>>> print(open('my_file.cif').read())   # mmCIF, C-alpha atoms
data_final
loop_
_atom_site.group_PDB
_atom_site.id
_atom_site.type_symbol
_atom_site.label_atom_id
_atom_site.label_comp_id
_atom_site.auth_asym_id
_atom_site.auth_seq_id
_atom_site.Cartn_x
_atom_site.Cartn_y
_atom_site.Cartn_z
ATOM 1 C CA MET A 652 133.105 176.489 119.319
ATOM 2 C CA MET A 653 135.955 174.268 120.423
ATOM 3 C CA GLU A 654 137.566 172.469 117.532
ATOM 4 C CA LEU A 655 136.571 168.816 117.372
ATOM 5 C CA LYS A 656 139.174 166.069 117.246
ATOM 6 C CA THR A 657 137.045 164.140 114.767
ATOM 7 C CA LYS A 658 137.123 165.203 111.117
ATOM 8 C CA VAL A 659 134.389 164.292 108.651
ATOM 9 C CA ILE A 660 135.218 164.750 104.987
ATOM 10 C CA ALA A 661 132.223 164.476 102.659
ATOM 11 C CA ALA A 662 132.575 166.126 99.253
ATOM 12 C CA ASN A 663 129.390 167.198 97.485
ATOM 13 C CA GLY A 664 128.058 164.726 94.983
ATOM 14 C CA LYS A 665 130.245 161.793 96.092
ATOM 15 C CA GLN A 666 129.020 158.484 97.434
ATOM 16 C CA GLU A 667 131.705 158.243 100.079
ATOM 17 C CA LEU A 668 132.885 159.897 103.230
ATOM 18 C CA THR A 669 135.946 159.798 105.439
ATOM 19 C CA ILE A 670 136.080 160.072 109.225
ATOM 20 C CA GLU A 671 139.461 160.758 110.867
ATOM 21 C CA ARG A 672 140.352 160.842 114.526
ATOM 22 C CA GLU A 673 143.584 161.040 116.486
ATOM 23 C CA PHE A 674 143.535 159.244 119.811
ATOM 24 C CA ASP A 675 145.546 159.818 122.906
ATOM 25 C CA LEU A 676 146.024 156.030 123.007
ATOM 26 C CA PRO A 677 148.483 153.474 121.602
ATOM 27 C CA VAL A 678 147.305 151.997 118.316
ATOM 28 C CA ASP A 679 146.758 148.495 119.729
ATOM 29 C CA LEU A 680 144.218 149.818 122.253
ATOM 30 C CA VAL A 681 142.217 151.633 119.573
ATOM 31 C CA PHE A 682 142.232 148.474 117.476
ATOM 32 C CA LYS A 683 141.151 146.412 120.498
ATOM 33 C CA ALA A 684 138.272 148.829 121.168
ATOM 34 C CA HIS A 685 136.984 148.016 117.667
ATOM 35 C CA THR A 686 137.387 144.249 117.798
ATOM 36 C CA GLU A 687 136.531 143.030 121.328
ATOM 37 C CA PRO A 688 132.777 142.697 121.904
ATOM 38 C CA GLU A 689 132.675 143.853 125.543
ATOM 39 C CA LEU A 690 134.715 146.962 124.653
ATOM 40 C CA ILE A 691 132.653 147.743 121.537
ATOM 41 C CA GLU A 692 129.532 147.603 123.703
ATOM 42 C CA GLN A 693 130.972 150.103 126.167
ATOM 43 C CA TRP A 694 131.635 152.893 123.702
ATOM 44 C CA MET A 695 129.149 152.168 120.926
ATOM 45 C CA GLY A 696 126.317 151.562 123.380
ATOM 46 C CA ASN A 697 124.737 148.655 121.495
ATOM 47 C CA LYS A 698 124.800 144.931 122.215
ATOM 48 C CA VAL A 699 127.283 142.851 120.263
ATOM 49 C CA LEU A 700 125.591 139.538 119.412
ATOM 50 C CA LYS A 701 128.495 138.333 117.333
ATOM 51 C CA PHE A 702 131.959 139.569 116.423
ATOM 52 C CA GLU A 703 134.434 137.194 114.823
ATOM 53 C CA ALA A 704 137.665 139.161 114.632
ATOM 54 C CA LYS A 705 139.175 137.433 111.595
ATOM 55 C CA ASN A 706 138.957 137.262 107.814
ATOM 56 C CA HIS A 707 135.425 136.350 106.699
ATOM 57 C CA GLY A 708 134.227 136.621 110.296
ATOM 58 C CA GLY A 709 130.698 137.876 110.823
ATOM 59 C CA TRP A 710 129.417 140.536 113.199
ATOM 60 C CA ILE A 711 125.972 141.558 114.491
ATOM 61 C CA PHE A 712 125.097 144.635 116.600
ATOM 62 C CA GLU A 713 121.687 145.141 118.163
ATOM 63 C CA THR A 714 119.793 147.703 120.264
ATOM 64 C CA LYS A 715 116.433 147.152 121.970
ATOM 65 C CA ASN A 716 114.082 149.798 123.316
ATOM 66 C CA PRO A 717 112.921 149.627 126.967
ATOM 67 C CA ASP A 718 110.002 147.396 125.914
ATOM 68 C CA GLY A 719 112.429 144.852 124.495
ATOM 69 C CA ILE A 720 111.587 145.607 120.869
ATOM 70 C CA VAL A 721 114.572 145.547 118.524
ATOM 71 C CA VAL A 722 115.004 149.071 117.145
ATOM 72 C CA PHE A 723 118.416 148.690 115.554
ATOM 73 C CA ARG A 724 120.201 145.731 114.111
ATOM 74 C CA ALA A 725 123.200 145.791 111.810
ATOM 75 C CA ASN A 726 125.436 143.034 110.489
ATOM 76 C CA GLY A 727 128.281 142.378 108.143
ATOM 77 C CA VAL A 728 131.460 140.474 107.390
ATOM 78 C CA LEU A 729 135.142 141.317 107.938
ATOM 79 C CA HIS A 730 137.832 141.249 105.245
ATOM 80 C CA ASP A 731 141.525 142.072 105.052
ATOM 81 C CA PHE A 732 141.899 141.724 108.821
ATOM 82 C CA VAL A 733 145.437 142.685 109.931
ATOM 83 C CA LEU A 734 145.944 142.986 113.706
ATOM 84 C CA ASN A 735 146.567 146.560 114.876
ATOM 85 C CA GLU A 736 146.657 147.823 111.274
ATOM 86 C CA ARG A 737 143.407 147.534 109.351
ATOM 87 C CA PHE A 738 140.230 145.708 108.450
ATOM 88 C CA THR A 739 137.446 146.123 105.955
ATOM 89 C CA ARG A 740 133.840 145.426 106.853
ATOM 90 C CA THR A 741 130.449 145.434 105.248
ATOM 91 C CA PHE A 742 127.717 147.232 107.212
ATOM 92 C CA GLU A 743 124.077 146.403 106.594
ATOM 93 C CA MET A 744 121.332 148.064 108.643
ATOM 94 C CA GLU A 745 118.504 145.580 108.922
ATOM 95 C CA ASN A 746 114.869 146.604 108.588
ATOM 96 C CA THR A 747 115.677 149.726 106.583
ATOM 97 C CA GLY A 748 115.816 150.460 102.874
ATOM 98 C CA PHE A 749 119.502 151.374 103.037
ATOM 99 C CA ALA A 750 121.890 149.298 100.972
ATOM 100 C CA THR A 751 124.933 147.648 102.539
ATOM 101 C CA GLN A 752 127.873 149.994 102.887
ATOM 102 C CA LEU A 753 131.562 149.200 102.641
ATOM 103 C CA GLU A 754 133.866 150.477 105.390
ATOM 104 C CA PHE A 755 137.671 150.589 105.377
ATOM 105 C CA PHE A 756 139.269 150.995 108.820
ATOM 106 C CA GLU A 757 142.938 151.989 109.037
ATOM 107 C CA PHE A 758 144.784 152.235 112.337
ATOM 108 C CA GLN A 759 148.017 154.192 112.257
ATOM 109 C CA LYS A 760 150.671 154.455 114.964
ATOM 110 C CA LEU A 761 151.728 158.078 115.468
ATOM 111 C CA SER A 762 153.913 157.488 118.538
ATOM 112 C CA GLU A 763 154.032 155.063 121.457
ATOM 113 C CA LYS A 764 151.088 156.884 123.000
ATOM 114 C CA LYS A 765 149.214 158.331 120.049
ATOM 115 C CA SER A 766 147.436 156.881 117.063
ATOM 116 C CA LYS A 767 145.088 157.777 114.244
ATOM 117 C CA LEU A 768 142.009 156.040 112.895
ATOM 118 C CA THR A 769 140.741 156.623 109.358
ATOM 119 C CA MET A 770 137.333 155.245 108.359
ATOM 120 C CA HIS A 771 136.579 155.397 104.675
ATOM 121 C CA ILE A 772 132.938 154.558 103.950
ATOM 122 C CA ILE A 773 131.448 153.850 100.503
ATOM 123 C CA TYR A 774 127.665 154.019 99.976
ATOM 124 C CA LYS A 775 125.540 152.628 97.169
ATOM 125 C CA SER A 776 124.686 156.098 95.890
ATOM 126 C CA VAL A 777 125.174 159.794 96.595
ATOM 127 C CA GLU A 778 121.530 159.956 97.699
ATOM 128 C CA GLN A 779 121.991 157.227 100.281
ATOM 129 C CA ARG A 780 125.118 158.849 101.671
ATOM 130 C CA ASP A 781 123.343 162.173 102.040
ATOM 131 C CA GLN A 782 120.332 160.523 103.637
ATOM 132 C CA ILE A 783 122.566 158.838 106.240
ATOM 133 C CA LEU A 784 124.320 162.115 106.959
ATOM 134 C CA LYS A 785 120.979 163.804 107.500
ATOM 135 C CA MET A 786 120.094 161.128 110.053
ATOM 136 C CA PRO A 787 123.137 161.165 112.304
ATOM 137 C CA PHE A 788 121.492 158.722 114.653
ATOM 138 C CA ALA A 789 121.296 156.183 111.827
ATOM 139 C CA GLN A 790 124.598 154.430 112.392
ATOM 140 C CA GLY A 791 124.230 152.531 115.607
ATOM 141 C CA ILE A 792 121.275 153.868 117.490
ATOM 142 C CA ASN A 793 122.097 153.945 121.175
ATOM 143 C CA SER A 794 121.198 155.663 124.378
ATOM 144 C CA ALA A 795 124.084 158.096 124.090
ATOM 145 C CA HIS A 796 122.247 159.592 121.148
ATOM 146 C CA ASN A 797 119.443 160.574 123.446
ATOM 147 C CA ARG A 798 121.734 163.479 124.065
ATOM 148 C CA LEU A 799 121.425 164.433 120.402
ATOM 149 C CA GLU A 800 119.254 167.230 121.689
ATOM 150 C CA GLU A 801 122.052 169.006 123.506
ATOM 151 C CA ILE A 802 124.596 168.084 120.878
ATOM 152 C CA VAL A 803 122.689 169.647 118.016
ATOM 153 C CA ARG A 804 121.571 172.813 119.741
ATOM 154 C CA MET B 790 97.631 169.498 123.603
ATOM 155 C CA ASP B 791 98.444 172.233 121.131
ATOM 156 C CA LEU B 792 102.005 172.316 122.299
ATOM 157 C CA ARG B 793 104.123 171.826 119.258
ATOM 158 C CA ARG B 794 106.428 168.984 119.928
ATOM 159 C CA ASP B 795 110.100 169.505 119.712
ATOM 160 C CA VAL B 796 111.898 167.705 116.915
ATOM 161 C CA PHE B 797 114.681 166.630 119.208
ATOM 162 C CA GLN B 798 112.305 165.224 121.754
ATOM 163 C CA ALA B 799 110.735 163.271 118.918
ATOM 164 C CA ILE B 800 113.983 161.664 117.833
ATOM 165 C CA ALA B 801 115.142 161.034 121.391
ATOM 166 C CA ASP B 802 112.940 157.936 121.388
ATOM 167 C CA PRO B 803 114.612 154.834 119.921
ATOM 168 C CA THR B 804 111.409 153.454 118.419
ATOM 169 C CA ARG B 805 110.707 156.713 116.626
ATOM 170 C CA ARG B 806 114.250 156.814 115.263
ATOM 171 C CA ALA B 807 113.773 153.281 113.978
ATOM 172 C CA ILE B 808 110.509 154.319 112.293
ATOM 173 C CA LEU B 809 112.264 157.239 110.585
ATOM 174 C CA LEU B 810 114.973 154.896 109.314
ATOM 175 C CA LEU B 811 112.398 152.415 108.126
ATOM 176 C CA VAL B 812 110.545 154.954 105.974
ATOM 177 C CA ALA B 813 113.654 156.892 104.906
ATOM 178 C CA THR B 814 113.876 155.165 101.551
ATOM 179 C CA GLN B 815 110.270 154.019 101.015
ATOM 180 C CA SER B 816 106.822 155.157 102.148
ATOM 181 C CA MET B 817 104.698 152.707 104.157
ATOM 182 C CA THR B 818 101.279 152.313 105.714
ATOM 183 C CA ALA B 819 100.893 152.297 109.503
ATOM 184 C CA GLY B 820 100.099 148.592 109.346
ATOM 185 C CA THR B 821 103.309 147.773 107.480
ATOM 186 C CA ILE B 822 105.352 149.880 109.891
ATOM 187 C CA ALA B 823 103.758 148.167 112.915
ATOM 188 C CA ALA B 824 104.488 144.751 111.394
ATOM 189 C CA HIS B 825 108.204 145.605 111.319
ATOM 190 C CA PHE B 826 108.273 146.182 115.070
ATOM 191 C CA ASP B 827 106.317 143.253 116.355
ATOM 192 C CA THR B 828 104.468 145.691 118.594
ATOM 193 C CA LYS B 829 100.876 146.795 119.099
ATOM 194 C CA ARG B 830 99.312 148.945 116.409
ATOM 195 C CA PRO B 831 98.144 151.691 118.861
ATOM 196 C CA THR B 832 101.721 152.090 120.142
ATOM 197 C CA VAL B 833 102.975 152.658 116.617
ATOM 198 C CA SER B 834 100.067 155.021 115.897
ATOM 199 C CA LYS B 835 101.074 157.144 118.863
ATOM 200 C CA HIS B 836 104.671 157.369 117.614
ATOM 201 C CA LEU B 837 103.480 158.208 114.087
ATOM 202 C CA GLN B 838 101.284 160.968 115.438
ATOM 203 C CA ILE B 839 104.200 162.530 117.302
ATOM 204 C CA LEU B 840 106.414 162.360 114.211
ATOM 205 C CA ILE B 841 103.649 163.943 112.121
ATOM 206 C CA GLU B 842 103.123 166.715 114.683
ATOM 207 C CA CYS B 843 106.755 167.756 114.512
ATOM 208 C CA GLU B 844 106.694 167.398 110.725
ATOM 209 C CA LEU B 845 109.402 164.763 110.521
ATOM 210 C CA LEU B 846 106.920 162.496 108.762
ATOM 211 C CA ALA B 847 104.349 163.420 106.162
ATOM 212 C CA LYS B 848 101.313 161.356 105.190
ATOM 213 C CA GLU B 849 99.877 160.898 101.776
ATOM 214 C CA PRO B 850 96.677 159.078 100.804
ATOM 215 C CA ILE B 851 97.190 156.628 97.948
ATOM 216 C CA GLY B 852 93.950 154.909 96.980
ATOM 217 C CA ARG B 853 92.294 153.864 100.208
ATOM 218 C CA GLU B 854 95.512 153.658 102.180
ATOM 219 C CA ILE B 855 97.523 156.332 103.953
ATOM 220 C CA TYR B 856 101.258 156.164 103.389
ATOM 221 C CA TYR B 857 103.869 157.717 105.658
ATOM 222 C CA HIS B 858 107.140 159.083 104.347
ATOM 223 C CA LEU B 859 110.070 161.082 105.612
ATOM 224 C CA ASN B 860 109.722 164.836 105.347
ATOM 225 C CA ALA B 861 113.132 165.463 103.796
ATOM 226 C CA ASN B 862 113.044 169.241 104.214
ATOM 227 C CA LYS B 863 112.559 168.972 107.938
ATOM 228 C CA MET B 864 115.371 166.448 108.195
ATOM 229 C CA LYS B 865 117.673 168.896 106.473
ATOM 230 C CA GLU B 866 116.725 171.464 109.046
ATOM 231 C CA ILE B 867 117.679 169.158 111.912
ATOM 232 C CA ALA B 868 120.861 168.106 110.410
ATOM 233 C CA ASN B 869 122.467 171.051 108.785
ATOM 234 C CA PHE B 870 124.104 168.254 108.177
ATOM 235 C CA ILE B 871 127.699 167.313 108.574
ATOM 236 C CA GLU B 872 127.988 168.983 111.945
ATOM 237 C CA PRO B 873 125.661 166.748 113.987
ATOM 238 C CA PHE B 874 127.128 163.695 112.290
ATOM 239 C CA GLN B 875 130.603 164.869 113.211
ATOM 240 C CA LYS B 876 129.558 165.523 116.797
ATOM 241 C CA LEU B 877 128.030 162.093 117.053
ATOM 242 C CA TRP B 878 131.357 160.513 116.135
ATOM 243 C CA GLU B 879 133.255 162.954 118.328
ATOM 244 C CA ASP B 880 131.167 161.864 121.328
ATOM 245 C CA ARG B 881 131.497 158.240 120.439
ATOM 246 C CA PHE B 882 135.282 158.425 120.044
ATOM 247 C CA ASN B 883 135.635 160.455 123.251
ATOM 248 C CA LYS B 884 133.829 157.604 124.964
ATOM 249 C CA LEU B 885 136.196 155.119 123.314
ATOM 250 C CA GLU B 886 139.165 157.093 124.607
ATOM 251 C CA SER B 887 137.894 157.112 128.195
ATOM 252 C CA VAL B 888 136.864 153.434 128.076
ATOM 253 C CA MET B 889 140.318 152.421 126.854
ATOM 254 C CA LYS B 890 142.168 154.652 129.339
ATOM 255 C CA ASN B 891 140.298 152.869 132.126
ATOM 256 C CA TYR B 892 141.037 149.555 130.482
ATOM 257 C CA LYS B 893 144.748 150.352 130.370
ATOM 258 C CA ALA B 894 144.734 151.569 133.980
ATOM 259 C CA ARG B 895 143.164 148.280 135.075
ATOM 260 C CA GLY B 896 146.063 146.614 133.319
#
>>> encode(input="my_file.cif", output="structure tokens")
Amino acid sequence: MMELKTKVIAANGKQELTIEREFDLPVDLVFKAHTEPELIEQWMGNKVLKFEAKNHGGWIFETKNPDGIVVFRANGVLHDFVLNERFTRTFEMENTGFATQLEFFEFQKLSEKKSKLTMHIIYKSVEQRDQILKMPFAQGINSAHNRLEEIVR
Amino acid sequence: MDLRRDVFQAIADPTRRAILLLVATQSMTAGTIAAHFDTKRPTVSKHLQILIECELLAKEPIGREIYYHLNANKMKEIANFIEPFQKLWEDRFNKLESVMKNYKARG
């Protein structure tokens, strides 16, 4: 199998995981993709009902099924917001029993054209982290995941 | 009718994924699940039946009620478990890269 550009580091028995990815993009564009609603919608695939890109700003993502029923809704608040460098956010999936998780985003400039994103995610417990990992579609259900079939096989 | 439904077909549906998430940490009756979706009970029953058929959900009678819960063993089988998660993010970030390359090209 071709090596993936995205690394997921999840040690056994820990309530955290780290996702790392190098992009063939300048750091400001990767940051923008995470903080401008119309861009978030394009790659995440969910609606962005609210995204206040500042300290203590709130955000809400939502996905509806074809009948218009809400099947995914998540929300949280931003902290430690530093343009093109980092932010911290809480992530709460509504209508599930999962506790809020804490996510640290770090954007690193590697060169004028390359950058690296590190997401460090802390869960309430080891059990909840493992449960989320077992349900890869959990974080941000969207139509792209309809291809989970081909991805997993 | 006896065709065993494919697990991946089952989770391809957004409502069924939402049901799995809903019962991931607590078991629930069909009525409680339906109430969370503001949708008709028969619609939810149909989704529950599909999830039961592919063994993603299990049901357990408690008193006079039937509770539905996640069948953790089956979930493990789907997941295997970092790899699909990693591929999900790989796909998502590949999309980000192409979206932002277009964005840059548009100036």
>>> atom_distance(input="my_file.cif", atom1="atom CA of Leu729 of chain A", atom2="atom CA of Trp710 of chain A")
7.8 Å
>>> interface_residues(input="my_file.cif", of="chain B", to="chain A", cutoff="8 Å", atoms="only C-alpha atoms", output="PyMOL selection string")
chain B and resi 797-798+800-804+806-807+810-815+825-828+864-865+867-871+873-879+881-882+884-886+888-890
>>> resolve_selection(input="my_file.cif", expression="the PyMOL selection byres ((chain B and resi 859) around 7)", output="count of residues only")
9
>>> atom_distance(input="my_file.cif", atom1="atom CA of Phe758 of chain A", atom2="atom CA of Leu734 of chain A")
9.4 Å
>>> resolve_selection(input="my_file.cif", expression="the PyMOL selection byres ((chain A and resi 663-667) around 10)", output="number ranges by chain")
A: 660-662, 668-669, 752-754, 771-781
